[in-house]
>>> print(open('query30.txt').read())   # compact mmCIF, C-alpha atoms
# COMPACT_ATOMS: atom_id res chain seq x y z
CA MET A 1 71.05 201.54 93.70
CA ASN A 2 70.46 198.31 95.63
CA ASP A 3 73.03 198.28 98.43
CA ALA A 4 71.44 195.50 100.50
CA MET A 5 73.78 192.74 101.60
CA TRP A 6 73.88 189.44 103.43
CA ALA A 7 76.59 188.95 106.05
CA GLY A 8 77.28 186.13 108.46
CA THR A 9 79.36 183.14 109.48
CA VAL A 10 79.87 180.23 107.09
CA SER A 11 82.04 177.12 106.93
CA ILE A 12 84.63 176.59 104.21
CA THR A 13 87.15 173.90 103.36
CA GLY A 14 90.76 174.95 103.84
CA TYR A 15 94.20 173.38 103.72
CA GLY A 16 94.20 169.64 104.31
CA LYS A 17 90.41 169.58 103.84
CA ASP A 18 90.03 171.12 107.30
CA GLU A 19 86.75 172.86 108.05
CA LEU A 20 87.25 176.53 108.86
CA GLU A 21 84.96 179.20 110.19
CA ALA A 22 84.76 182.23 107.90
CA TYR A 23 82.90 185.52 107.74
CA LEU A 24 81.16 186.24 104.43
CA ALA A 25 79.42 189.34 103.13
CA ARG A 26 77.89 189.68 99.68
CA PRO A 27 75.55 192.06 97.88
CA LEU A 28 71.99 190.85 97.33
CA GLY A 29 71.83 192.18 93.77
CA ASP A 30 72.19 189.91 90.76
CA SER A 31 75.04 191.69 88.96
CA PRO A 32 78.18 189.66 88.19
CA ARG A 33 80.83 190.39 90.80
CA GLY A 34 84.41 189.64 91.73
CA GLY A 35 85.43 188.30 95.10
CA VAL A 36 87.88 189.49 97.76
CA VAL A 37 89.60 187.25 100.29
CA VAL A 38 90.36 189.32 103.41
CA ILE A 39 93.30 187.86 105.38
CA HIS A 40 93.17 188.86 109.02
CA HIS A 41 96.14 190.30 110.90
CA MET A 42 98.19 188.53 113.56
CA PRO A 43 95.80 189.57 116.39
CA GLY A 44 93.24 187.35 114.70
CA TYR A 45 89.72 187.09 113.39
CA ASP A 46 88.31 190.16 115.06
CA PRO A 47 85.49 192.73 114.65
CA GLY A 48 87.74 195.03 112.62
CA THR A 49 88.38 192.27 110.08
CA LYS A 50 84.64 191.60 109.77
CA GLU A 51 84.04 195.31 109.23
CA PHE A 52 86.53 195.23 106.34
CA VAL A 53 84.56 192.33 104.82
CA ARG A 54 81.27 194.26 105.02
CA THR A 55 82.95 197.33 103.52
CA PHE A 56 83.91 195.37 100.41
CA ALA A 57 80.39 193.99 100.10
CA ALA A 58 78.96 197.51 100.35
CA HIS A 59 81.20 198.42 97.43
CA GLY A 60 79.82 195.58 95.28
CA PHE A 61 82.19 192.66 95.90
CA ALA A 62 81.58 189.37 97.61
CA ALA A 63 84.15 189.16 100.40
CA ILE A 64 85.22 186.54 102.89
CA ALA A 65 87.64 186.35 105.81
CA PRO A 66 88.67 182.83 106.78
CA ASN A 67 89.52 182.34 110.45
CA LEU A 68 93.07 181.12 110.00
CA TYR A 69 93.11 180.11 113.68
CA SER A 70 90.04 177.83 113.43
CA ARG A 71 92.22 174.80 114.11
CA GLU A 72 92.81 176.01 117.66
CA GLY A 73 89.45 174.49 118.60
CA ALA A 74 85.70 174.89 118.16
CA GLY A 75 84.08 176.94 120.90
CA VAL A 76 87.36 178.68 121.74
CA SER A 77 87.15 182.48 121.75
CA PRO A 78 88.85 184.27 118.86
CA ASP A 79 91.23 185.93 121.34
CA ASP A 80 92.28 182.59 122.81
CA GLN A 81 92.62 181.07 119.35
CA ALA A 82 94.88 183.94 118.32
CA ALA A 83 97.01 183.64 121.45
CA ALA A 84 97.53 179.93 120.87
CA ALA A 85 98.40 180.41 117.21
CA ARG A 86 100.82 183.25 117.94
CA ALA A 87 102.54 181.16 120.62
CA ARG A 88 103.43 178.68 117.87
CA GLY A 89 104.79 181.40 115.60
CA GLY A 90 101.71 182.05 113.49
CA VAL A 91 100.28 180.25 110.47
CA PRO A 92 102.62 178.07 108.35
CA ASP A 93 102.97 179.40 104.81
CA GLU A 94 101.73 176.24 103.10
CA GLN A 95 98.65 176.15 105.33
CA LEU A 96 97.93 179.83 104.63
CA VAL A 97 98.02 179.28 100.87
CA GLY A 98 95.63 176.33 101.15
CA ASP A 99 93.22 178.29 103.33
CA VAL A 100 93.17 181.24 100.91
CA ALA A 101 92.59 178.85 98.02
CA GLY A 102 89.63 177.39 99.90
CA ALA A 103 88.21 180.84 100.59
CA ALA A 104 88.59 181.80 96.92
CA ALA A 105 86.85 178.58 95.85
CA HIS A 106 83.96 179.38 98.19
CA LEU A 107 83.59 182.85 96.68
CA ASN A 108 83.59 181.41 93.18
CA SER A 109 80.86 178.94 94.17
CA LEU A 110 78.43 181.76 94.98
CA ASP A 111 75.70 182.93 92.64
CA HIS A 112 76.80 185.78 90.34
CA ALA A 113 80.53 185.19 90.90
CA ASP A 114 82.44 186.19 87.77
CA GLY A 115 85.56 184.15 88.58
CA ARG A 116 87.85 187.08 89.42
CA ILE A 117 89.48 186.99 92.84
CA GLY A 118 91.53 189.52 94.75
CA VAL A 119 93.23 189.22 98.12
CA ILE A 120 94.02 191.80 100.77
CA GLY A 121 95.74 191.63 104.14
CA HIS A 122 97.02 193.90 106.89
CA CYS A 123 100.08 193.33 109.10
CA SER A 124 100.92 189.60 108.88
CA GLY A 125 98.00 189.44 106.45
CA GLY A 126 99.86 191.81 104.11
CA ARG A 127 102.74 189.34 103.90
CA HIS A 128 100.20 186.56 103.44
CA ALA A 129 98.50 188.47 100.61
CA PHE A 130 101.83 188.72 98.80
CA LEU A 131 102.52 185.04 99.42
CA ALA A 132 99.10 183.98 98.15
CA ALA A 133 99.53 186.09 95.02
CA CYS A 134 102.82 184.30 94.31
CA GLU A 135 101.44 180.80 94.93
CA LEU A 136 97.92 181.09 93.46
CA ASP A 137 96.49 182.41 90.20
CA LEU A 138 94.80 185.62 91.35
CA ASP A 139 93.61 188.82 89.69
CA ALA A 140 94.69 191.45 92.24
CA ALA A 141 96.51 191.65 95.58
CA VAL A 142 96.75 194.38 98.22
CA ASP A 143 99.53 194.37 100.81
CA CYS A 144 98.84 196.74 103.70
CA TYR A 145 102.10 197.11 105.65
CA GLY A 146 103.07 193.44 105.47
CA ALA A 147 106.40 192.78 107.17
CA PHE A 148 109.03 190.10 106.54
CA VAL A 149 108.51 189.92 102.79
CA VAL A 150 112.08 191.06 102.11
CA ASN A 151 113.79 190.79 105.50
CA ASP A 152 113.69 188.01 108.07
CA PRO A 153 112.33 189.04 111.49
CA PRO A 154 114.67 189.80 114.38
CA GLU A 155 115.83 186.69 116.22
CA ASP A 156 113.69 187.47 119.28
CA TYR A 157 110.54 188.26 117.25
CA PRO A 158 107.63 185.86 118.00
CA THR A 159 106.97 184.56 114.50
CA SER A 160 108.09 181.69 112.30
CA ALA A 161 107.74 183.90 109.20
CA ARG A 162 110.77 184.26 106.96
CA SER A 163 111.57 186.33 103.88
CA ILE A 164 109.56 185.38 100.78
CA VAL A 165 111.01 187.88 98.31
CA SER A 166 112.47 184.94 96.38
CA LYS A 167 108.90 184.14 95.32
CA ALA A 168 108.49 187.51 93.56
CA PRO A 169 109.13 186.07 90.06
CA ASP A 170 105.92 184.06 90.52
CA LEU A 171 103.70 187.03 91.40
CA SER A 172 100.55 186.26 89.41
CA CYS A 173 98.72 189.59 89.45
CA PRO A 174 99.01 193.35 89.95
CA LEU A 175 99.99 194.36 93.49
CA LEU A 176 99.01 197.45 95.47
CA GLY A 177 101.16 198.23 98.52
CA LEU A 178 100.18 200.73 101.24
CA PHE A 179 102.74 201.55 103.92
CA GLY A 180 103.50 203.95 106.77
CA GLU A 181 106.67 206.02 106.67
CA GLU A 182 107.14 205.58 110.42
CA ASP A 183 106.64 201.80 110.41
CA ARG A 184 109.48 199.53 111.54
CA PHE A 185 108.04 196.27 110.18
CA PRO A 186 108.22 196.91 107.27
CA ALA A 187 110.57 199.84 107.44
CA PRO A 188 110.89 202.14 104.42
CA ASP A 189 114.09 200.44 103.26
CA GLU A 190 112.31 197.08 103.07
CA VAL A 191 109.48 198.66 101.06
CA ALA A 192 112.02 200.26 98.73
CA ALA A 193 113.82 196.93 98.26
CA LEU A 194 110.58 195.15 97.34
CA ASP A 195 109.64 197.97 94.97
CA ALA A 196 113.03 197.70 93.27
CA GLU A 197 112.81 193.93 92.93
CA LEU A 198 109.31 194.01 91.44
CA THR A 199 110.42 196.75 89.04
CA ARG A 200 113.42 194.66 88.01
CA LEU A 201 111.15 191.70 87.33
CA GLY A 202 108.67 193.79 85.35
CA LYS A 203 105.83 193.02 87.77
CA GLU A 204 102.87 195.41 87.73
CA HIS A 205 102.64 197.15 91.08
CA GLU A 206 102.06 200.50 92.76
CA PHE A 207 103.32 201.43 96.22
CA HIS A 208 102.26 204.37 98.39
CA THR A 209 103.91 205.40 101.65
CA TYR A 210 102.16 207.82 104.03
CA PRO A 211 104.10 210.42 106.06
CA GLY A 212 103.13 210.55 109.72
CA ALA A 213 101.73 207.02 109.66
CA GLY A 214 103.16 203.91 111.24
CA HIS A 215 101.97 200.33 111.47
CA ALA A 216 98.20 199.62 111.59
CA PHE A 217 97.10 203.05 110.38
CA PHE A 218 93.86 201.54 109.02
CA ALA A 219 92.82 200.24 112.48
CA VAL A 220 90.15 202.66 113.74
CA GLU A 221 90.15 201.09 117.23
CA ARG A 222 93.89 201.59 117.83
CA PRO A 223 96.01 204.66 118.66
CA ALA A 224 97.94 204.03 115.44
CA PHE A 225 94.87 205.00 113.36
CA ARG A 226 95.58 207.85 110.94
CA PRO A 227 92.31 209.10 109.39
CA ALA A 228 93.81 210.92 106.41
CA ALA A 229 96.07 208.03 105.44
CA ALA A 230 93.28 205.48 105.91
CA LYS A 231 90.82 207.53 103.86
CA ASP A 232 93.26 207.89 101.00
CA GLY A 233 94.23 204.23 101.32
CA TRP A 234 90.62 203.08 100.98
CA GLN A 235 90.22 205.25 97.89
CA LYS A 236 93.30 203.65 96.35
CA ILE A 237 92.13 200.15 97.29
CA PHE A 238 88.75 200.59 95.64
CA ALA A 239 90.19 202.23 92.53
CA PHE A 240 92.68 199.36 92.22
CA LEU A 241 90.12 196.59 92.76
CA ASP A 242 87.59 198.25 90.46
CA ARG A 243 90.18 198.18 87.70
CA HIS A 244 91.17 194.56 88.21
CA LEU A 245 88.00 192.95 89.55
CA GLY A 246 85.41 195.21 87.97
CA ALA A 247 82.84 195.72 90.73
>>> encode(input="query30.txt", output="structure tokens")
Amino acid sequence: MNDAMWAGTVSITGYGKDELEAYLARPLGDSPRGGVVVIHHMPGYDPGTKEFVRTFAAHGFAAIAPNLYSREGAGVSPDDQAAAARARGGVPDEQLVGDVAGAAAHLNSLDHADGRIGVIGHCSGGRHAFLAACELDLDAAVDCYGAFVVNDPPEDYPTSARSIVSKAPDLSCPLLGLFGEEDRFPAPDEVAALDAELTRLGKEHEFHTYPGAGHAFFAVERPAFRPAAAKDGWQKIFAFLDRHLGA
């Protein structure tokens, strides 16, 4: 098995033809492969996000994480970019969709791309993954504990995000959802409401909720990390993407 990969920083064209920094990893073999757009969480374009990208490449996909906060200025640290973006309430939905479309186009421009694209996000990125799958023609989507899909945030919550469950009829692809039973955003009742709505609409999806896990249980660098839940979650992610993207 040839598991060599290339990984590094590239430039892509996002919403409004803006140039964005992005982190790309791809296998060096010549087999046809699907692509995965990794949408970073609200804390930003960080080492954990880049590790996710390399993990997908090690599994046989080309993967890319656009820095959604690139517009905060060249030469600005990722932490400062994230702080500035969060202070304005996060990334506007229309801009997010355009940036994901640009990342998908970049993946499809690579040698050996087979045209199939999936998207995955954690935290705010989980909501963004659902949004992208409703606005773009994708082949698979993974929502890892994305809040404010069904419910609006509390009035004092620092985000401009609002419910997007009304977009569910336009979901273009199968959806995998991974959630923590002890999470508050999204809480189990929000997950159940989204599950019920997708079932009512006849949309292909599978949801899994982990006891003893809260928000950010995939994040190995945070106290919220739950090894058993994360291990099982990764197994479900790869099984799901293998079915729909065919690594």
>>> residues_around(input="query30.txt", residues="Ser11 in chain A", least_positions_apart="4", cutoff="9 Å", atoms="only C-alpha atoms", output="list in words")
Glu19, Leu20, Glu21, Ala22, Tyr23 and Pro66 of chain A
>>> write_last_selection(input="query30.txt", atoms="C-alpha atoms", output="PDB file, in the frame of the given file")
ATOM      1  CA  GLU A  19      86.750 172.860 108.050  1.00  0.00           C
ATOM      2  CA  LEU A  20      87.250 176.530 108.860  1.00  0.00           C
ATOM      3  CA  GLU A  21      84.960 179.200 110.190  1.00  0.00           C
ATOM      4  CA  ALA A  22      84.760 182.230 107.900  1.00  0.00           C
ATOM      5  CA  TYR A  23      82.900 185.520 107.740  1.00  0.00           C
ATOM      6  CA  PRO A  66      88.670 182.830 106.780  1.00  0.00           C
TER       7      PRO A  66
END
>>> closest_residue(input="query30.txt", among="A:Tyr157, A:Phe61, A:Tyr45, A:Trp234", to="Asp80 in chain A", atoms="all atoms listed in the file")
A:Tyr45
>>> residues_around(input="query30.txt", residues="Ser160 in chain A", least_positions_apart="3", cutoff="12 Å", atoms="only C-alpha atoms", output="ChimeraX atom specification")
/A:85-93,124,148,152-157,163
>>> residues_around(input="query30.txt", residues="Glu94 in chain A", least_positions_apart="2", cutoff="10 Å", atoms="all atoms listed in the file", output="list of chain:residue names")
A:Tyr15, A:Val91, A:Pro92, A:Leu96, A:Val97, A:Gly98, A:Asp99, A:Leu131, A:Ala132, A:Glu135
>>> write_last_selection(input="query30.txt", atoms="C-alpha atoms", output="short mmCIF file (atom, residue, chain, number, x, y, z; two decimals), keeping the file's coordinate frame")
data_model
loop_
_atom_site.label_atom_id
_atom_site.label_comp_id
_atom_site.auth_asym_id
_atom_site.auth_seq_id
_atom_site.Cartn_x
_atom_site.Cartn_y
_atom_site.Cartn_z
CA TYR A 15 94.20 173.38 103.72
CA VAL A 91 100.28 180.25 110.47
CA PRO A 92 102.62 178.07 108.35
CA LEU A 96 97.93 179.83 104.63
CA VAL A 97 98.02 179.28 100.87
CA GLY A 98 95.63 176.33 101.15
CA ASP A 99 93.22 178.29 103.33
CA LEU A 131 102.52 185.04 99.42
CA ALA A 132 99.10 183.98 98.15
CA GLU A 135 101.44 180.80 94.93
#
>>> closest_residue(input="query30.txt", among="A:Val220, A:Ala228, A:Ala187, A:Val36", to="Ile64 in chain A", atoms="all atoms listed in the file")
A:Val36
>>> closest_residue(input="query30.txt", among="A:Ala74, A:Ala84, A:Leu138, A:Leu198", to="Met42 in chain A", atoms="all atoms listed in the file")
A:Ala84
>>> residues_around(input="query30.txt", residues="Ala147 in chain A", least_positions_apart="6", cutoff="10 Å", atoms="all atoms listed in the file", output="ChimeraX atom specification")
/A:122-128,153,161-163,183-187,190-191,215
>>> residues_around(input="query30.txt", residues="Arg33 in chain A", least_positions_apart="5", cutoff="8 Å", atoms="all atoms listed in the file", output="PyMOL selection string")
chain A and resi 60-62+112-114+116+245-247
